[in-house]
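The structure appears below as C-alpha cells.
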Amino acid sequence: MRPTFHPRLVNGPFGDPVVLVRLLGHGRNLFLDLGDLHGLPARPVLKATHAFVTHAHMDHFCGLDTVIRYSLGRERVFRVVGPPGIAERVEGKLRGYTWNLVHTYDQAFRLEVLEWENGRGRLWTFPCREGFPRQDQGAVDLAEVEPGLRVVHAETAFRVVAAELDHQVPCLAFRMEEPVHVNVARDALDRLGLEPGPWLRPVKRAVQAGSGPDHEVRLPGGRTVPVGELLEHGVIRLTRGQRLAYVADCLWAEPGLSRAVALARDAHLLYCEAAFLEEDARRARERYHLTAAQAGELARRAGVGELRIFHFSPKYRGREPELLAEAAEAFGGPVGLGP
Ligand SMILES: [Zn+2]
C-alpha cells in the first residue's frame with residue numbers, strides 16, 4: 001500500500017506538538033496540533049488547509065500566528081478545528097495585532113474556526129480584508145460514528161473523527177481515515193499498455209466515493225471504460241483504508257480513556273503523548289498527562305499497528321530509551337520516536 005497520509009512530527013519528541021500530514025495525490029497538507037512552526041519553511045505551511053487542534057495550551061497552538069503571517073495577502077482559506085472556546089482564543093490572538101491596511105489587499109485570506117461544543121459544531125469565519133471580525137456562521141451537525149466519536153471533517157478521500165478527552169480542560173483527539181485505500185498496480189497498467197498519470201486521480205476519487213462498477217472513467221487518449229473493468233484487470237486493488245490517530249494530553253481516567261481507545265481502534269499508526277516515565281506517574285496524574293507505559297497500554301487496547309510517542313518532559317533528555325522501553329513493554333508492538 002502506498003499510503004495517502006504521510007505524517008511527520010515537526011519538532012521531535014521534546015518540542016512543541018505538531019504533526020504535518022502530507023496528503024499524497026492531493027497536493028496539500030494538514031496539521032495535527034499547531035505548536036511552534038519555525039522549523040518549517042513557508043511552502044508546506046501554505047499548502048496546509050486545516051489544523052486539528054487538541055487544546056489551546058500555548059505549546060499546541062502558538063503556530064497559528066505563523067500560519068496567519070504567511071497567509072496574509074493570499075487568496076486562501078485555512079480552517080482550525082478545535083475544542084470548546086477555540087473561536088474566542090483565535091479572536092484573542094487576532095485582536096493582538098493592528099489591521100488598518102488589510103482592506104487594501106487584493107487577495108482575500110479567510111480564517112475559519114469549527115468549534116466543538118458538547119459534540120455539536122459551530123462555525124466562525126474571520127475575513128482578513130475586513131480586519132478579521134468574528135462572524136458566526138451557525139451550528140454544524142457533527143455525525144456520530146460511535147458513542148462520543150464525531151466527524152469533524154469529511155471529504156471523498158478521507159474524513160477526520162474527534163473525541164473529547166480530559167486534560168483538566170476539554171481536549172480533543174483526532175483520527176484521520178480513508179473509507180478504502182485504492183492501490184494502482186503498475187504491472188497491470190503495463191499489461192494494458194497504460195501509463196500511470198493524473199488520469200488515475202479521478203478514478204481513485206470515484207472508487208473512494210463509492211461509485212459502482214458501471215461508473216465510466218476516462219483513459220489517457222480519451223476512451224472511457226467502466227471502473228469495473230479496471231478492477232477486473234487488477235489495475236485497481238482495494239485494501240483497508242489508512243487510519244492515523246493522534247492523542248495528545250489526557251488523563252488516564254474514564255470516560256476519556258475509553259474514548260481514546262475507541263478513537264485509536266485499529267489505527268495503522270498512533271501518535272500518543274508520553275510525557276512521563278512510570279517513576280513520575282503521580283506527576284503525570286497531577287498534570288493530566290500520560291506516562292509512556294500508559295501510552296503503550298492505550299495502543300495495546302486499541303490494537304494499533306505502530307505507536308509513536310512524543311511530548312516528553314524536558315527533564316528526560318538523554319533518557320529516551322527508557323521512555324521507549326516502558327511504552328514497548330506495555331504495548332507489545334513496535335514503538336518509535338518519529339518522524
Ligand atoms: Zn501538552
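Naming works like this for the C-alpha cells: A, B, ... for the chains as they're shown, residue 1 at the start of each chain, ligands 1 onward in shown order.
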Restrict the calculation to only C-alpha atoms, then for each residue of segment 72-119 of chain A with any atom at most 10 Å from an atom of segment 14-33 of chain A give the closest atom pair and their distance in Å to one decimal, rows by chain and rising residue number, as JSON lines.
```
{"residue": "A:Phe78", "atom": "CA", "partner": "A:Leu30", "partner_atom": "CA", "distance": 9.7}
{"residue": "A:Arg79", "atom": "CA", "partner": "A:Leu30", "partner_atom": "CA", "distance": 9.7}
{"residue": "A:Val80", "atom": "CA", "partner": "A:Phe31", "partner_atom": "CA", "distance": 9.3}
{"residue": "A:Val81", "atom": "CA", "partner": "A:Asp33", "partner_atom": "CA", "distance": 9.6}
{"residue": "A:Gly82", "atom": "CA", "partner": "A:Asp33", "partner_atom": "CA", "distance": 9.2}
```
Would you save the residues of that selection, restricted to C-alpha atoms, as a JSON list (two decimals), in the first residue's frame?
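Result went into selection-v6.json, see below:
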```json
[["chain", "number", "residue", "atom", "x", "y", "z"],
["A", 78, "PHE", "CA", -7.43, 27.99, 6.44],
["A", 79, "ARG", "CA", -9.65, 26.15, 8.88],
["A", 80, "VAL", "CA", -8.93, 25.45, 12.54],
["A", 81, "VAL", "CA", -10.93, 22.66, 14.17],
["A", 82, "GLY", "CA", -10.68, 22.77, 17.94]]
```
Selection near Pro41 of chain A, 12 Å with only C-alpha atoms, sequence-local residues under 4 positions removed, as JSON, numbers by chain: {"A": [10, 37, 45, 46, 47, 66, 67, 70]}
Got a sec: who's within 8 Å of segment 140-148 of chain A, counting only C-alpha atoms, leaving out chain neighbours fewer than 4 positions off, as a PDB file with N, CA and C atoms, in the first residue's frame?
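Everything below was put into result-v3.pdb:
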```
ATOM      1  N   GLY A 119     -20.153  17.988  21.550  1.00  0.00           N
ATOM      2  CA  GLY A 119     -20.486  17.130  20.412  1.00  0.00           C
ATOM      3  C   GLY A 119     -21.229  17.839  19.295  1.00  0.00           C
ATOM      4  N   ARG A 120     -21.483  19.136  19.461  1.00  0.00           N
ATOM      5  CA  ARG A 120     -22.066  19.921  18.365  1.00  0.00           C
ATOM      6  C   ARG A 120     -20.958  20.793  17.783  1.00  0.00           C
ATOM      7  N   GLY A 121     -21.139  21.233  16.568  1.00  0.00           N
ATOM      8  CA  GLY A 121     -20.154  22.120  15.971  1.00  0.00           C
ATOM      9  C   GLY A 121     -20.721  23.508  15.794  1.00  0.00           C
ATOM     10  N   ARG A 122     -19.834  24.505  15.823  1.00  0.00           N
ATOM     11  CA  ARG A 122     -20.237  25.865  15.475  1.00  0.00           C
ATOM     12  C   ARG A 122     -19.136  26.458  14.613  1.00  0.00           C
ATOM     13  N   LEU A 123     -19.542  27.047  13.499  1.00  0.00           N
ATOM     14  CA  LEU A 123     -18.561  27.565  12.546  1.00  0.00           C
ATOM     15  C   LEU A 123     -18.482  29.091  12.636  1.00  0.00           C
ATOM     16  N   VAL A 152     -15.560  15.549  12.313  1.00  0.00           N
ATOM     17  CA  VAL A 152     -15.345  16.999  12.308  1.00  0.00           C
ATOM     18  C   VAL A 152     -14.878  17.505  10.943  1.00  0.00           C
ATOM     19  N   ALA A 163     -12.760  12.964  19.338  1.00  0.00           N
ATOM     20  CA  ALA A 163     -13.363  12.569  20.609  1.00  0.00           C
ATOM     21  C   ALA A 163     -12.852  13.535  21.668  1.00  0.00           C
ATOM     22  N   GLU A 164     -13.664  13.754  22.693  1.00  0.00           N
ATOM     23  CA  GLU A 164     -13.256  14.692  23.748  1.00  0.00           C
ATOM     24  C   GLU A 164     -12.620  13.932  24.905  1.00  0.00           C
ATOM     25  N   ARG A 259     -12.775   6.533  25.330  1.00  0.00           N
ATOM     26  CA  ARG A 259     -12.945   7.258  24.056  1.00  0.00           C
ATOM     27  C   ARG A 259     -11.641   7.255  23.267  1.00  0.00           C
TER      28      ARG A 259
END
```
When you count only C-alpha atoms, which of these residues is closest to Gln135 of chain A: A:Arg201, A:Arg43, A:Arg110, A:Arg240?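 Going through A:Arg201, A:Arg43, A:Arg110, A:Arg240 one by one, the smallest distance to Gln135 of chain A is for A:Arg110.
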Please identify the residues whose atoms come within 9 Å of ligand 1, using only C-alpha atoms and all ligand atoms, and report them as a short mmCIF file (atom, residue, chain, number, x, y, z; two decimals) with C-alpha atoms, in the first residue's frame.
```cif
data_model
loop_
_atom_site.label_atom_id
_atom_site.label_comp_id
_atom_site.auth_asym_id
_atom_site.auth_seq_id
_atom_site.Cartn_x
_atom_site.Cartn_y
_atom_site.Cartn_z
CA ASP A 16 6.07 21.62 20.66
CA PRO A 17 3.48 19.13 19.44
CA THR A 54 -6.41 19.35 20.61
CA HIS A 55 -6.48 22.28 23.05
CA HIS A 57 -2.19 25.38 25.63
CA MET A 58 0.47 27.56 24.07
CA ASP A 59 2.78 24.74 23.03
CA HIS A 60 -0.05 23.19 20.98
CA HIS A 167 -6.77 17.40 30.21
CA ALA A 248 -2.21 14.44 22.94
CA ASP A 249 -2.66 15.41 26.52
CA CYS A 250 -5.10 13.44 28.55
CA GLU A 273 1.80 11.75 24.11
CA ALA A 275 5.07 12.95 28.92
CA HIS A 289 -0.80 13.66 31.21
CA HIS A 311 5.71 15.30 24.06
#
```
Work out how far atom CA of Val151 of chain A is from atom CA of Gly241 of chain A, in Å to one decimal.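 Taking atom CA of Gly241 of chain A as the start and atom CA of Val151 of chain A as the end point, the length is 16.1 Å.
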Which residues are near Glu178 of chain A? Cut-off 12 Å, only C-alpha atoms, ignore same chain within fewer than 5 positions. Put them as a ChimeraX atom specification. /A:3-5,23,153-161,204-205,207-210,238-244,267-268
Give me, as an NGL selection string, all polymer residues having an atom no more than 9 Å from segment 225-235 of chain A, counting only C-alpha atoms and skipping those fewer than 4 positions away in the same chain. :A and (183-189 or 192 or 203 or 206-207 or 211-219)
Could you tell me how far atom CA of Glu329 of chain A lies from atom CA of Ala264 of chain A, in Å and to one decimal? 18.6 Å
Ranking A:Pro13, A:Arg150, A:Arg8, A:Glu88 by minimum distance to Gly318 of chain A and counting only C-alpha atoms, which one comes first?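 With only C-alpha atoms as the atom set, the closest residue is A:Pro13.
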Run DSSP on the backbone of this structure and report the residues of segment 185-286 of chain A it assigns to helix (DSSP H, G or I), as a PyMOL selection string. chain A and resi 186-191+200-208+227-232+256-264+278-286
Would you write out those residues with C-alpha atoms, as a short mmCIF file (atom, residue, chain, number, x, y, z; two decimals), in the first residue's frame?
```cif
data_model
loop_
_atom_site.label_atom_id
_atom_site.label_comp_id
_atom_site.auth_asym_id
_atom_site.auth_seq_id
_atom_site.Cartn_x
_atom_site.Cartn_y
_atom_site.Cartn_z
CA ARG A 186 1.88 -0.90 -12.13
CA ASP A 187 2.23 -4.36 -13.69
CA ALA A 188 -1.46 -4.44 -14.62
CA LEU A 189 -1.14 -0.98 -16.19
CA ASP A 190 1.83 -2.22 -18.22
CA ARG A 191 -0.11 -5.25 -19.42
CA LEU A 200 -5.82 7.97 -12.22
CA ARG A 201 -6.79 10.65 -9.72
CA PRO A 202 -10.47 10.96 -10.69
CA VAL A 203 -10.58 7.17 -10.93
CA LYS A 204 -9.42 6.86 -7.32
CA ARG A 205 -11.86 9.55 -6.18
CA ALA A 206 -14.75 7.79 -7.88
CA VAL A 207 -13.91 4.48 -6.22
CA GLN A 208 -13.50 6.13 -2.80
CA VAL A 227 -14.45 1.26 -13.30
CA GLY A 228 -15.40 -2.42 -13.04
CA GLU A 229 -13.15 -3.20 -15.98
CA LEU A 230 -10.13 -1.66 -14.26
CA LEU A 231 -10.94 -3.69 -11.14
CA GLU A 232 -11.30 -6.86 -13.22
CA GLY A 256 -11.81 9.91 28.26
CA LEU A 257 -9.72 6.76 28.28
CA SER A 258 -12.36 4.57 26.63
CA ARG A 259 -12.95 7.26 24.06
CA ALA A 260 -9.22 7.44 23.29
CA VAL A 261 -9.12 3.66 22.85
CA ALA A 262 -12.20 3.73 20.57
CA LEU A 263 -10.70 6.56 18.57
CA ALA A 264 -7.37 4.80 18.06
CA GLU A 278 6.46 5.42 35.31
CA GLU A 279 8.62 6.68 38.21
CA ASP A 280 6.76 10.01 37.80
CA ALA A 281 3.28 8.51 37.39
CA ARG A 282 1.92 10.68 40.21
CA ARG A 283 3.16 13.79 38.50
CA ALA A 284 1.58 12.62 35.21
CA ARG A 285 -1.76 12.28 37.02
CA GLU A 286 -1.46 15.72 38.65
#
```
